[in-house]
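Chemist: Sharing final-v6.cif here; it has mmCIF, C-alpha atoms.
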data_entry
#
loop_
_atom_site.label_atom_id
_atom_site.label_comp_id
_atom_site.auth_asym_id
_atom_site.auth_seq_id
_atom_site.Cartn_x
_atom_site.Cartn_y
_atom_site.Cartn_z
CA MET L 1 -9.95 -8.14 -13.04
CA SER L 2 -9.30 -4.63 -14.30
CA THR L 3 -11.51 -2.12 -16.09
CA VAL L 4 -10.30 0.47 -18.59
CA SER L 5 -11.94 3.85 -19.24
CA PRO L 6 -10.92 6.18 -22.05
CA VAL L 7 -9.76 9.61 -20.86
CA HIS L 8 -7.53 12.41 -22.20
CA LEU L 9 -4.37 14.15 -21.04
CA LEU L 10 -2.98 17.42 -22.31
CA ASP L 11 0.22 17.08 -24.31
CA ARG L 12 2.09 20.19 -23.17
CA LYS L 13 4.25 20.44 -26.28
CA SER L 14 1.43 20.38 -28.81
CA GLY L 15 -1.21 21.89 -26.54
CA ILE L 16 -3.78 19.29 -27.60
CA LEU L 17 -5.68 16.61 -25.72
CA VAL L 18 -4.38 13.11 -26.42
CA GLU L 19 -6.03 9.76 -25.74
CA ALA L 20 -5.20 8.03 -22.50
CA HIS L 21 -6.64 5.21 -20.42
CA LEU L 22 -7.61 5.04 -16.78
CA ILE L 23 -6.97 1.49 -15.58
CA ASP L 24 -8.85 0.41 -12.46
CA GLY L 25 -7.08 -2.65 -11.07
CA LEU L 26 -3.46 -2.75 -12.14
CA SER L 27 -1.55 -5.99 -12.49
CA ARG L 28 1.84 -6.58 -10.95
CA GLU L 29 3.34 -6.38 -14.43
CA ASP L 30 1.77 -2.93 -14.96
CA VAL L 31 3.28 -1.68 -11.72
CA GLU L 32 6.67 -3.23 -12.40
CA LYS L 33 6.79 -1.60 -15.81
CA ALA L 34 5.84 1.76 -14.32
CA GLU L 35 8.63 1.42 -11.73
CA ALA L 36 11.08 0.36 -14.44
CA ASP L 37 10.17 3.47 -16.46
CA TRP L 38 9.94 5.97 -13.61
CA LYS L 39 12.81 5.06 -11.31
CA PRO L 40 15.83 5.55 -13.59
CA PHE L 41 14.41 8.86 -14.86
CA LEU L 42 13.68 10.08 -11.35
CA ASP L 43 17.01 8.90 -9.92
CA GLU L 44 19.00 10.57 -12.69
CA HIS L 45 17.19 13.88 -12.37
CA VAL L 46 17.28 13.92 -8.57
CA LYS L 47 21.01 13.22 -8.72
CA ARG L 48 21.50 16.16 -11.07
CA MET L 49 19.45 18.40 -8.79
CA GLU L 50 21.48 17.34 -5.75
CA GLU L 51 24.75 17.96 -7.60
CA ALA L 52 23.46 21.38 -8.57
CA GLY L 53 22.92 22.15 -4.88
CA VAL L 54 19.12 22.17 -4.96
CA PRO L 55 17.90 22.11 -1.31
CA LYS L 56 16.26 18.90 -0.09
CA SER L 57 12.94 20.70 0.41
CA LYS L 58 12.76 21.32 -3.34
CA LEU L 59 13.43 17.73 -4.34
CA PRO L 60 10.36 15.60 -5.14
CA GLN L 61 9.12 14.45 -1.76
CA HIS L 62 8.02 11.03 -3.05
CA ARG L 63 11.37 10.23 -4.68
CA HIS L 64 11.87 7.16 -2.48
CA TRP L 65 8.46 5.64 -3.11
CA ASN L 66 8.38 2.11 -4.46
CA TRP L 67 5.08 1.36 -6.16
CA ARG L 68 5.79 -2.33 -6.42
CA GLU L 69 6.10 -2.48 -2.65
CA LYS L 70 2.79 -0.65 -2.34
CA TYR L 71 1.24 -3.13 -4.76
CA ASP L 72 2.61 -6.12 -2.87
CA ALA L 73 1.42 -4.73 0.45
CA THR L 74 -2.16 -4.24 -0.71
CA GLU L 75 -3.09 -6.40 -3.69
CA GLU L 76 -4.72 -9.17 -1.67
CA TYR L 77 -7.15 -6.79 0.07
CA LEU L 78 -10.56 -5.96 -1.39
CA LEU L 79 -10.50 -2.58 0.27
CA TYR L 80 -7.57 -1.26 -1.76
CA ARG L 81 -7.89 -0.17 -5.39
CA MET L 82 -4.87 0.76 -7.49
CA PHE L 83 -5.36 2.98 -10.53
CA GLY L 84 -3.02 3.82 -13.38
CA LEU L 85 -3.23 6.50 -16.03
CA GLU L 86 -1.65 5.23 -19.22
CA CYS L 87 -0.77 7.31 -22.25
CA GLN L 88 1.54 6.53 -25.16
CA SER L 89 2.31 3.11 -23.65
CA GLN L 90 3.65 4.52 -20.41
CA MET L 91 2.09 5.04 -17.00
CA GLN L 92 1.68 8.78 -16.50
CA GLY L 93 0.25 8.59 -12.99
CA LEU L 94 -0.55 6.10 -10.25
CA MET L 95 -3.00 6.15 -7.37
CA LEU L 96 -3.70 3.80 -4.48
CA ALA L 97 -7.14 4.32 -2.92
CA LEU L 98 -8.70 2.86 0.21
CA THR L 99 -12.44 2.15 0.06
CA ALA L 100 -13.27 1.10 3.62
CA GLY L 101 -12.34 2.02 7.15
CA LYS L 102 -11.88 5.77 6.72
CA ASN L 103 -14.50 8.29 7.81
CA SER L 104 -14.85 12.02 7.37
CA GLN L 105 -13.22 14.23 10.00
CA ILE L 106 -15.27 17.28 9.05
CA VAL L 107 -17.61 17.98 11.96
CA ALA L 108 -20.76 18.30 9.88
CA GLN L 109 -20.25 14.87 8.33
CA ARG L 110 -18.20 13.09 10.95
CA GLY L 111 -18.46 9.34 10.69
CA LYS L 112 -19.55 9.31 7.06
CA PRO L 113 -17.33 7.01 4.97
CA LEU L 114 -15.01 8.35 2.28
CA VAL L 115 -12.51 7.11 -0.27
CA TYR L 116 -9.04 7.80 1.06
CA ILE L 117 -6.28 8.45 -1.45
CA HIS L 118 -3.38 6.65 0.17
CA PHE L 119 -0.83 7.51 -2.51
CA LEU L 120 -0.95 9.54 -5.69
CA ALA L 121 1.91 10.54 -7.97
CA ALA L 122 2.56 11.64 -11.52
CA ALA L 123 5.36 10.15 -13.60
CA PRO L 124 8.62 12.06 -13.05
CA TRP L 125 8.70 13.47 -16.60
CA ASN L 126 5.41 15.21 -15.79
CA LEU L 127 6.78 17.07 -12.76
CA ALA L 128 7.58 20.78 -13.18
CA SER L 129 9.94 20.55 -10.20
CA ILE L 130 12.14 18.07 -12.09
CA VAL L 131 11.90 18.90 -15.79
CA SER L 132 11.70 22.30 -17.45
CA GLU L 133 9.06 21.01 -19.85
CA PRO L 134 6.69 18.48 -18.32
CA ARG L 135 5.19 16.14 -20.91
CA PHE L 136 1.56 15.92 -19.80
CA SER L 137 -0.88 17.98 -17.76
CA LEU L 138 -4.09 16.82 -16.08
CA VAL L 139 -2.67 13.71 -14.41
CA GLY L 140 -3.59 15.00 -10.94
CA SER L 141 -7.03 16.21 -11.99
CA VAL L 142 -7.96 12.98 -13.76
CA LEU L 143 -6.84 10.84 -10.80
CA VAL L 144 -8.69 13.03 -8.29
CA ALA L 145 -11.75 12.83 -10.55
CA ALA L 146 -11.34 9.05 -10.57
CA ALA L 147 -11.27 9.01 -6.76
CA ILE L 148 -14.47 11.09 -6.67
CA HIS L 149 -16.18 8.75 -9.15
CA LEU L 150 -15.07 5.78 -7.07
CA SER L 151 -16.51 7.47 -3.99
CA MET L 152 -19.82 7.96 -5.77
CA GLU L 153 -19.82 4.37 -6.94
CA GLU L 154 -19.33 3.32 -3.30
CA GLU L 155 -22.29 5.55 -2.33
CA PHE L 156 -20.02 7.94 -0.41
CA GLN L 157 -21.37 10.84 -2.54
CA GLY L 158 -17.98 11.94 -3.77
CA ARG L 159 -16.35 12.29 -0.34
CA ILE L 160 -12.59 11.80 -0.53
CA GLY L 161 -9.69 12.41 1.83
CA LEU L 162 -5.91 12.53 1.51
CA HIS L 163 -2.70 13.66 3.15
CA SER L 164 -0.96 16.03 0.79
CA LEU L 165 2.76 16.18 0.22
CA PRO L 166 3.71 19.80 1.00
CA GLN L 167 4.55 20.70 -2.60
CA ALA L 168 0.91 20.01 -3.54
CA ASP L 169 -0.87 21.68 -0.57
CA ASN L 170 -1.92 24.76 -2.50
CA TRP L 171 -3.26 22.77 -5.40
CA TYR L 172 -5.60 20.72 -3.20
CA ARG L 173 -6.66 23.78 -1.21
CA LYS L 174 -7.11 26.35 -3.95
CA THR L 175 -7.38 24.55 -7.28
CA CYS L 176 -9.43 21.57 -6.05
CA GLY L 177 -11.32 23.57 -3.44
CA MET L 178 -10.83 20.93 -0.75
CA THR L 179 -11.22 21.56 2.97
CA ASP L 180 -7.86 21.88 4.71
CA LEU L 181 -8.07 20.22 8.13
CA GLY L 182 -4.51 21.16 8.97
CA PRO L 183 -1.36 19.22 9.81
CA ASP L 184 -1.94 15.68 11.07
CA GLN L 185 0.52 14.77 13.81
CA THR L 186 -0.19 11.07 13.33
CA VAL L 187 0.81 11.22 9.67
CA GLU L 188 4.22 12.87 9.49
CA ASN L 189 2.56 16.27 10.08
CA LEU L 190 1.25 16.25 6.52
CA ARG L 191 -1.82 18.40 5.92
CA TYR L 192 -5.05 16.45 5.72
CA PHE L 193 -7.60 17.47 3.10
CA GLU L 194 -11.13 16.33 2.46
CA MET L 195 -13.71 16.94 -0.21
CA THR L 196 -17.37 17.16 0.76
CA PRO L 197 -20.10 16.00 -1.65
CA GLU L 198 -20.71 19.65 -2.56
CA GLN L 199 -17.02 20.29 -3.24
CA ALA L 200 -16.87 17.07 -5.29
CA SER L 201 -19.79 18.24 -7.43
CA GLU L 202 -18.14 21.59 -7.90
CA PHE L 203 -14.84 19.95 -8.90
CA LEU L 204 -16.56 17.86 -11.55
CA ARG L 205 -18.63 20.73 -12.93
CA MET S 1 -15.66 1.89 -12.35
CA LYS S 2 -17.14 4.18 -14.99
CA MET S 3 -15.79 7.63 -15.65
CA ASN S 4 -16.55 10.12 -18.35
CA LEU S 5 -14.74 13.49 -18.40
CA SER S 6 -15.67 15.95 -21.12
CA LYS S 7 -13.01 17.67 -23.20
CA GLU S 8 -14.39 21.04 -22.06
CA TRP S 9 -13.85 20.07 -18.44
CA LEU S 10 -10.36 18.78 -19.16
CA LEU S 11 -9.31 21.96 -20.97
CA LYS S 12 -10.69 24.06 -18.12
CA ARG S 13 -8.72 21.99 -15.58
CA ALA S 14 -5.56 22.08 -17.69
CA ALA S 15 -5.41 25.86 -17.35
CA LEU S 16 -5.63 25.49 -13.56
CA ASP S 17 -3.08 22.68 -13.35
CA GLU S 18 -0.17 24.62 -14.85
CA LYS S 19 3.12 24.25 -12.97
CA HIS S 20 1.71 22.20 -10.09
CA ASP S 21 3.26 18.89 -9.02
CA ILE S 22 0.44 16.83 -7.64
CA SER S 23 1.08 14.11 -5.09
CA ALA S 24 -0.41 12.67 -1.93
CA GLY S 25 0.68 10.12 0.63
CA THR S 26 3.11 9.43 3.41
CA ILE S 27 6.85 9.27 2.92
CA ASN S 28 6.99 6.23 5.15
CA LEU S 29 5.56 2.95 3.79
CA ASN S 30 5.02 1.53 7.28
CA LYS S 31 1.43 2.75 7.38
CA LEU S 32 0.64 0.21 4.68
CA ARG S 33 2.72 -2.65 5.92
CA ALA S 34 1.63 -5.04 8.62
CA SER S 35 2.85 -3.70 11.92
CA SER S 36 4.14 -6.09 14.56
CA PRO S 37 2.27 -5.75 17.87
CA ALA S 38 4.90 -7.86 19.57
CA LYS S 39 7.44 -5.15 18.85
CA GLN S 40 5.26 -2.49 20.47
CA LEU S 41 4.08 -4.40 23.50
CA GLU S 42 7.07 -6.62 24.18
CA PRO S 43 10.16 -4.84 22.91
CA VAL S 44 12.75 -7.33 21.77
CA HIS S 45 15.71 -6.53 23.96
CA GLY S 46 19.16 -7.80 23.16
CA SER S 47 19.62 -11.26 24.57
CA ALA S 48 21.62 -14.30 23.67
CA GLU S 49 18.58 -15.98 22.17
CA THR S 50 17.20 -13.05 20.18
CA GLU S 51 20.62 -11.92 18.97
CA ASN S 52 21.26 -15.39 17.58
CA SER S 53 17.85 -15.99 16.05
CA ASN S 54 18.30 -13.53 13.16
CA PRO S 55 21.39 -15.26 11.72
CA ALA S 56 19.44 -18.54 11.83
CA PHE S 57 16.59 -17.00 9.85
CA GLY S 58 18.92 -15.78 7.10
CA LYS S 59 20.70 -19.11 7.00
CA LEU S 60 17.43 -21.01 6.83
CA VAL S 61 16.26 -18.97 3.87
CA ASN S 62 19.64 -19.36 2.17
CA LEU S 63 19.85 -23.12 2.63
CA TRP S 64 16.24 -23.76 1.70
CA ARG S 65 16.70 -21.73 -1.48
CA ARG S 66 19.90 -23.52 -2.44
CA LYS S 67 18.37 -26.90 -1.69
CA LYS S 68 15.62 -26.08 -4.17
CA GLY S 69 18.21 -24.91 -6.69
CA LEU S 70 16.75 -21.40 -6.86
CA ARG S 71 18.54 -18.11 -7.48
CA ILE S 72 17.66 -15.23 -5.19
CA ASP S 73 15.54 -13.54 -7.85
CA GLU S 74 13.71 -16.83 -8.50
CA LEU S 75 12.83 -17.27 -4.84
CA ALA S 76 11.76 -13.61 -4.65
CA GLU S 77 9.48 -14.20 -7.63
CA LYS S 78 8.10 -17.45 -6.23
CA ALA S 79 7.41 -15.97 -2.80
CA ARG S 80 6.23 -12.62 -4.25
CA ILE S 81 8.63 -10.60 -2.12
CA ASP S 82 11.10 -7.83 -2.86
CA VAL S 83 14.41 -9.18 -4.21
CA THR S 84 16.41 -6.44 -2.41
CA GLU S 85 14.94 -7.49 0.90
CA LEU S 86 15.77 -11.13 0.18
CA PHE S 87 19.40 -10.13 -0.38
CA GLU S 88 19.35 -8.36 2.98
CA ILE S 89 17.83 -11.36 4.72
CA GLU S 90 20.50 -13.73 3.44
CA ARG S 91 23.50 -11.45 3.76
CA ASN S 92 22.82 -9.11 6.65
CA LEU S 93 22.74 -11.20 9.81
CA HIS S 94 21.14 -8.42 11.85
CA TYR S 95 18.42 -7.52 9.38
CA THR S 96 14.82 -7.86 10.62
CA PRO S 97 12.51 -8.48 7.68
CA GLU S 98 9.01 -7.13 7.30
CA PRO S 99 6.26 -9.37 8.74
CA ARG S 100 4.63 -9.75 5.32
CA THR S 101 7.91 -10.99 3.84
CA VAL S 102 8.22 -13.55 6.64
CA TYR S 103 4.64 -14.63 6.11
CA GLN S 104 5.22 -15.10 2.38
CA LEU S 105 8.40 -17.13 2.98
CA ALA S 106 6.63 -19.29 5.59
CA LYS S 107 3.88 -19.97 3.05
CA THR S 108 6.40 -20.77 0.31
CA PHE S 109 8.46 -23.05 2.56
CA GLY S 110 5.38 -24.68 4.13
CA LEU S 111 6.50 -23.77 7.65
CA SER S 112 4.82 -22.44 10.79
CA GLN S 113 4.17 -18.72 10.40
CA GLU S 114 4.44 -18.06 14.11
CA LYS S 115 7.81 -19.80 14.40
CA MET S 116 9.10 -17.99 11.35
CA LEU S 117 7.95 -14.65 12.78
CA GLU S 118 9.70 -15.50 16.03
CA LEU S 119 12.83 -16.64 14.24
CA SER S 120 12.99 -13.47 12.17
CA GLY S 121 12.79 -11.29 15.27
CA ASN S 122 9.26 -10.03 14.59
CA LEU S 123 7.65 -11.85 17.49
CA THR S 124 8.61 -12.69 21.05
CA VAL S 125 7.21 -15.81 22.62
CA ARG S 126 7.80 -16.50 26.28
CA ASP S 127 9.52 -19.76 27.23
CA SER S 128 10.22 -20.56 23.62
CA SER S 129 12.53 -23.40 22.69
CA LEU S 130 13.13 -21.86 19.27
CA GLY S 131 16.17 -19.85 20.35
CA GLN S 132 18.22 -22.92 21.28
CA GLU S 133 17.24 -24.81 18.14
CA ALA S 134 18.10 -21.75 16.05
CA VAL S 135 21.56 -21.47 17.60
CA ARG S 136 22.21 -25.16 17.02
CA PHE S 137 21.10 -24.87 13.39
CA ALA S 138 23.13 -21.69 12.70
CA ALA S 139 26.26 -23.23 14.17
CA ARG S 140 26.00 -26.29 11.93
CA SER S 141 25.56 -24.49 8.62
CA GLU S 142 28.41 -23.13 6.51
CA SER S 143 28.12 -20.97 3.42
CA VAL S 144 29.15 -23.04 0.40
CA GLU S 145 27.62 -23.28 -3.06
CA LYS S 146 26.15 -26.77 -2.84
CA LEU S 147 24.68 -28.06 0.38
CA SER S 148 27.01 -30.39 2.15
CA LYS S 149 25.62 -33.55 3.76
CA ASP S 150 25.90 -31.86 7.15
CA GLU S 151 24.02 -28.81 5.91
CA HIS S 152 21.37 -31.05 4.43
CA ARG S 153 20.89 -32.87 7.71
CA ALA S 154 20.93 -29.62 9.72
CA LEU S 155 18.36 -28.08 7.41
CA GLU S 156 16.07 -31.11 7.49
CA GLU S 157 16.08 -31.31 11.25
CA PHE S 158 15.44 -27.59 11.64
CA VAL S 159 12.65 -27.63 9.06
CA LYS S 160 11.07 -30.57 10.87
CA PHE S 161 11.15 -28.56 14.10
CA LEU S 162 9.66 -25.49 12.43
CA SER S 163 6.91 -27.56 10.82
CA GLU S 164 5.67 -28.80 14.17
CA LYS S 165 2.51 -26.96 15.20
CA MET C 1 -16.84 2.97 -23.70
CA GLU C 2 -15.59 1.10 -20.73
CA THR C 3 -14.12 -2.36 -21.23
CA GLY C 4 -13.85 -5.27 -18.83
CA THR C 5 -16.77 -4.38 -16.50
CA GLN C 6 -16.83 -6.51 -13.35
CA SER C 7 -19.85 -8.84 -13.32
CA ARG C 8 -21.85 -9.02 -10.10
CA LYS C 9 -23.67 -11.90 -8.50
CA THR C 10 -26.81 -11.69 -6.38
CA MET C 11 -27.21 -13.37 -3.02
CA THR C 12 -30.17 -13.70 -0.63
CA LEU C 13 -29.39 -12.93 2.97
CA ASN C 14 -31.19 -14.41 6.00
CA LEU C 15 -30.75 -12.21 9.04
CA THR C 16 -32.30 -12.14 12.51
CA GLU C 17 -34.35 -9.12 13.54
CA ALA C 18 -31.47 -7.83 15.64
CA GLU C 19 -29.02 -8.21 12.74
CA MET C 20 -31.42 -6.52 10.36
CA LYS C 21 -31.84 -3.65 12.81
CA ALA C 22 -28.06 -3.28 13.12
CA LEU C 23 -27.81 -3.23 9.35
CA ASP C 24 -30.59 -0.63 9.09
CA ASP C 25 -28.97 1.52 11.77
CA LEU C 26 -25.56 1.42 10.11
CA SER C 27 -27.11 2.21 6.77
CA ALA C 28 -28.76 5.29 8.29
CA ILE C 29 -25.67 6.44 10.20
CA LYS C 30 -23.35 6.02 7.24
CA ASP C 31 -25.94 7.26 4.75
CA ILE C 32 -25.26 4.34 2.41
CA SER C 33 -27.42 1.41 1.33
CA LYS C 34 -27.50 -1.86 3.24
CA THR C 35 -25.62 -3.50 0.37
CA ALA C 36 -22.87 -0.88 0.71
CA VAL C 37 -22.71 -1.51 4.46
CA LEU C 38 -22.21 -5.21 3.90
CA ARG C 39 -19.52 -4.54 1.29
CA GLN C 40 -17.66 -2.38 3.81
CA ALA C 41 -18.00 -5.12 6.42
CA LEU C 42 -16.67 -7.76 4.03
CA ARG C 43 -13.64 -5.68 3.06
CA LEU C 44 -12.74 -4.93 6.66
CA TYR C 45 -13.30 -8.53 7.75
CA GLN C 46 -11.09 -9.81 4.94
CA MET C 47 -8.28 -7.44 5.88
CA ILE C 48 -8.54 -8.33 9.55
CA GLU C 49 -8.49 -12.04 8.72
CA VAL C 50 -5.38 -11.78 6.54
CA ARG C 51 -3.46 -9.83 9.15
CA ILE C 52 -4.58 -12.01 12.06
CA SER C 53 -3.40 -15.05 10.13
CA ARG C 54 0.04 -13.44 9.98
CA GLY C 55 0.27 -13.26 13.73
CA GLU C 56 -0.96 -9.72 14.28
CA LYS C 57 -3.53 -8.67 16.85
CA LEU C 58 -6.31 -6.12 16.57
CA PHE C 59 -6.51 -3.41 19.19
CA PHE C 60 -8.56 -0.39 20.01
CA GLU C 61 -6.61 2.55 21.35
CA HIS C 62 -8.30 5.33 23.32
CA ASP C 63 -7.53 8.60 21.59
CA VAL C 64 -6.81 10.52 24.78
CA THR C 65 -5.51 8.01 27.31
CA LYS C 66 -3.73 5.87 24.67
CA GLU C 67 -4.93 2.83 26.58
CA LYS C 68 -5.00 -0.29 24.42
CA ALA C 69 -7.71 -2.92 24.55
CA GLU C 70 -7.44 -6.06 22.51
CA LEU C 71 -10.40 -6.91 20.34
CA MET C 72 -11.50 -10.44 21.09
CA MET C 73 -10.73 -12.17 17.87
CA LEU C 74 -12.30 -14.83 15.86
#
Would you give me this structure, written as structure tokens?

Modeler:
Amino acid sequence: MSTVSPVHLLDRKSGILVEAHLIDGLSREDVEKAEADWKPFLDEHVKRMEEAGVPKSKLPQHRHWNWREKYDATEEYLLYRMFGLECQSQMQGLMLALTAGKNSQIVAQRGKPLVYIHFLAAAPWNLASIVSEPRFSLVGSVLVAAAIHLSMEEEFQGRIGLHSLPQADNWYRKTCGMTDLGPDQTVENLRYFEMTPEQASEFLR
Amino acid sequence: MKMNLSKEWLLKRAALDEKHDISAGTINLNKLRASSPAKQLEPVHGSAETENSNPAFGKLVNLWRRKKGLRIDELAEKARIDVTELFEIERNLHYTPEPRTVYQLAKTFGLSQEKMLELSGNLTVRDSSLGQEAVRFAARSESVEKLSKDEHRALEEFVKFLSEK
Amino acid sequence: METGTQSRKTMTLNLTEAEMKALDDLSAIKDISKTAVLRQALRLYQMIEVRISRGEKLFFEHDVTKEKAELMML
């Protein structure tokens, strides 16, 4: 069963907020449609970037992700929640969150449970690294806000954690104000970030 | 889950979000997928039995599918597995499928999960008789469009063996 | 306005004193309600059960020594 909340995204061309929907609990069809929309666009643009000699480090680091595989691997478990951000009949962002089994690594709150963002991505036409004029802004912020709300609903007081893809490190550290716990050797050396309840409150303010 | 974000908040965030590509998560999907403890604790070394058991798995899937009159995409849909992986299973004799895929196929075929995991190369069982049966089955099956009588018989006998608990 | 809210059902739980104490302790340690503790337990148990049924085993691994100890499973 899914729930739908009205939200807004910023249409970059017009500069105005447009109606969108946050869907909590995507169906397989939702995910398949998102893949069907995203993959050809992403593949075509990545191919152009490669042909233009763009170094691998500048290519979108999640270009090989398959959201249908992620859906299939997790849909039967209560502890996973998959969210989609839909606008103008297309999925603008996806997020897979884990609601049990992950605890804070920050010393002051070690052992306290948090919502772990397993995967988060914006649609390829929203990525500044791929297109000169991304269509929508706020995808990341709305999904992070959703994770914080989920954490509060679970009584985790807004605590969230995630492993950032390098291109987004600065955003989580500076723009979101999250605590950077450094590279995690057990997770491809990706930097691990957490938000405390205080940081979560600040983010939502 | 309820969420209410004010337009003021959104506009404030929009100014901060300029030119940032937001993403999180591992490149490798294996963190999500079921891992196979047998692979870690009892590495599957090349041996006559294990080298031959993969071809038998692919052949089993192929014959079962054709017996049911299903296309590859139809079986993938029915078993809720990735169609690309199903192609690999049937065509690449040395492909080791993901444990979840094997589990889903075992459920769809109504066969023993443990035997299917062993057959696919995901699990090693000491003193197993599966290897010999797998070789016998693989040797008797040929790749033709319709199942021949021999293929039918080979498939039925192998399925009977795999169904035994 | 949110649409499609998940309905919830209420259940009465009969626990021994020791179980109730464990539940109270976990609630205090995790700083979440007893209901939230039980939800966590259910989610983890379900995941364990699904993976065990696929032929996997559950282990603890010591962070420093990397020694593995199998969890006695159900």

Chemist: Could you build a table of the residues in chain L lying no more than 9 Å from chain C, giving for each the nearest pair of atoms and their separation in Å rounded to one decimal place, using all atoms listed in the file, ordered by chain and ascending residue number, as a tab-separated table?

Modeler:
residue	atom	partner	partner_atom	distance
L:Met1	CA	C:Gln6	CA	7.1
L:Ser2	CA	C:Gly4	CA	6.5
L:Thr3	CA	C:Gly4	CA	4.8
L:Val4	CA	C:Thr3	CA	5.4
L:Ser5	CA	C:Glu2	CA	4.8
L:Pro6	CA	C:Met1	CA	6.9
L:Glu76	CA	C:Met47	CA	8.5
L:Tyr77	CA	C:Met47	CA	6.0
L:Leu78	CA	C:Arg43	CA	5.4
L:Leu79	CA	C:Arg43	CA	5.2
L:Tyr80	CA	C:Arg43	CA	8.9
L:Thr99	CA	C:Gln40	CA	7.9
L:Ala100	CA	C:Gln40	CA	5.6
L:Gly101	CA	C:Leu44	CA	7.0
L:Gly111	CA	C:Lys30	CA	6.8
L:Lys112	CA	C:Lys30	CA	5.0
L:Pro113	CA	C:Lys30	CA	6.5
L:Glu154	CA	C:Ala36	CA	6.8
L:Glu155	CA	C:Ile32	CA	5.7
L:Phe156	CA	C:Ile32	CA	7.0

Chemist: What does the distance between atom CA of L:Gly161 and atom CA of L:Val46 come to in Å, to one decimal place?

Modeler: 28.9 Å

Chemist: I need the chain S residues near chain L as number ranges by chain; criterion: at most 8 Å, counting only C-alpha atoms.

Modeler: S: 1-5, 7, 9-11, 13-14, 16-27, 29, 32-33, 80-82, 100

Chemist: Can you list what the PyMOL selection byres ((chain S and resi 94-96) around 9) grabs from this structure, as a short mmCIF file (atom, residue, chain, number, x, y, z; two decimals) with C-alpha atoms, keeping the file's coordinate frame?

Modeler:
data_model
loop_
_atom_site.label_atom_id
_atom_site.label_comp_id
_atom_site.auth_asym_id
_atom_site.auth_seq_id
_atom_site.Cartn_x
_atom_site.Cartn_y
_atom_site.Cartn_z
CA GLU S 51 20.62 -11.92 18.97
CA ASN S 54 18.30 -13.53 13.16
CA PRO S 55 21.39 -15.26 11.72
CA GLY S 58 18.92 -15.78 7.10
CA GLU S 88 19.35 -8.36 2.98
CA ILE S 89 17.83 -11.36 4.72
CA GLU S 90 20.50 -13.73 3.44
CA ARG S 91 23.50 -11.45 3.76
CA ASN S 92 22.82 -9.11 6.65
CA LEU S 93 22.74 -11.20 9.81
CA PRO S 97 12.51 -8.48 7.68
CA GLU S 98 9.01 -7.13 7.30
CA PRO S 99 6.26 -9.37 8.74
CA SER S 120 12.99 -13.47 12.17
CA GLY S 121 12.79 -11.29 15.27
CA ASN S 122 9.26 -10.03 14.59
#

Chemist: Grab the atom CA of L:Ala200 to atom CA of L:Thr179 distance for me, in Å with one decimal place.

Modeler: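 Taking atom CA of L:Ala200 and atom CA of L:Thr179, their separation equals 11.0 Å.
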
Chemist: Could you check how far atom CA of L:Ala97 sits from atom CA of L:Ser151, in Å to one decimal?

Modeler: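 Separation between atom CA of L:Ala97 and atom CA of L:Ser151: 9.9 Å.
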
Chemist: With all atoms listed in the file as the atoms that count, which of C:Thr16, C:Thr10, C:Ser53, C:Ser27 lies nearest to chain S?

Modeler: C:Ser53

Chemist: Please return, as an NGL selection string, all polymer residues that have at least one atom within 10 Å of the point (-0.8, -15.7, 10.2); use all atoms listed in the file and the file's own coordinate frame.

Modeler: (:S and (99-100 or 102-104 or 106-107 or 112-114 or 117)) or (:C and (49-56))

Chemist: Find, counting only C-alpha atoms, the residue in S:Leu105, S:Leu70, S:Ala154, S:Val61 that gets nearest to chain C.

Modeler: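 That would be S:Leu105, the residue with the smallest distance to chain C.
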
Chemist: When you count only C-alpha atoms, which of these residues is closest to chain C: S:Lys78, S:Arg65, S:Lys115, S:Arg71?

Modeler: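 Comparing S:Lys78, S:Arg65, S:Lys115, S:Arg71 against chain C, the winner is S:Lys115.
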
Chemist: So which residues get picked by the PyMOL selection byres ((chain C and resi 58) around 7) here, written as a PyMOL selection string?

Modeler: chain C and resi 56-57+59+70-71

Chemist: Once N, CA and C atoms are restored for stretch 49-55 of chain C, what would the output be as a PDB file, in the frame of the given file?

Modeler:
ATOM      1  N   GLU C  49      -8.783 -10.604   8.775  1.00  0.00           N
ATOM      2  CA  GLU C  49      -8.490 -12.040   8.720  1.00  0.00           C
ATOM      3  C   GLU C  49      -7.081 -12.294   8.175  1.00  0.00           C
ATOM      4  N   VAL C  50      -6.721 -11.594   7.125  1.00  0.00           N
ATOM      5  CA  VAL C  50      -5.380 -11.780   6.540  1.00  0.00           C
ATOM      6  C   VAL C  50      -4.310 -11.406   7.558  1.00  0.00           C
ATOM      7  N   ARG C  51      -4.513 -10.292   8.238  1.00  0.00           N
ATOM      8  CA  ARG C  51      -3.460  -9.830   9.150  1.00  0.00           C
ATOM      9  C   ARG C  51      -3.408 -10.679  10.421  1.00  0.00           C
ATOM     10  N   ILE C  52      -4.564 -11.123  10.903  1.00  0.00           N
ATOM     11  CA  ILE C  52      -4.580 -12.010  12.060  1.00  0.00           C
ATOM     12  C   ILE C  52      -3.828 -13.297  11.727  1.00  0.00           C
ATOM     13  N   SER C  53      -4.037 -13.792  10.522  1.00  0.00           N
ATOM     14  CA  SER C  53      -3.400 -15.050  10.130  1.00  0.00           C
ATOM     15  C   SER C  53      -1.879 -14.909  10.061  1.00  0.00           C
ATOM     16  N   ARG C  54      -1.411 -13.670   9.987  1.00  0.00           N
ATOM     17  CA  ARG C  54       0.040 -13.440   9.980  1.00  0.00           C
ATOM     18  C   ARG C  54       0.605 -13.235  11.367  1.00  0.00           C
ATOM     19  N   GLY C  55      -0.247 -13.392  12.367  1.00  0.00           N
ATOM     20  CA  GLY C  55       0.270 -13.260  13.730  1.00  0.00           C
ATOM     21  C   GLY C  55       0.059 -11.901  14.349  1.00  0.00           C
TER      22      GLY C  55
END
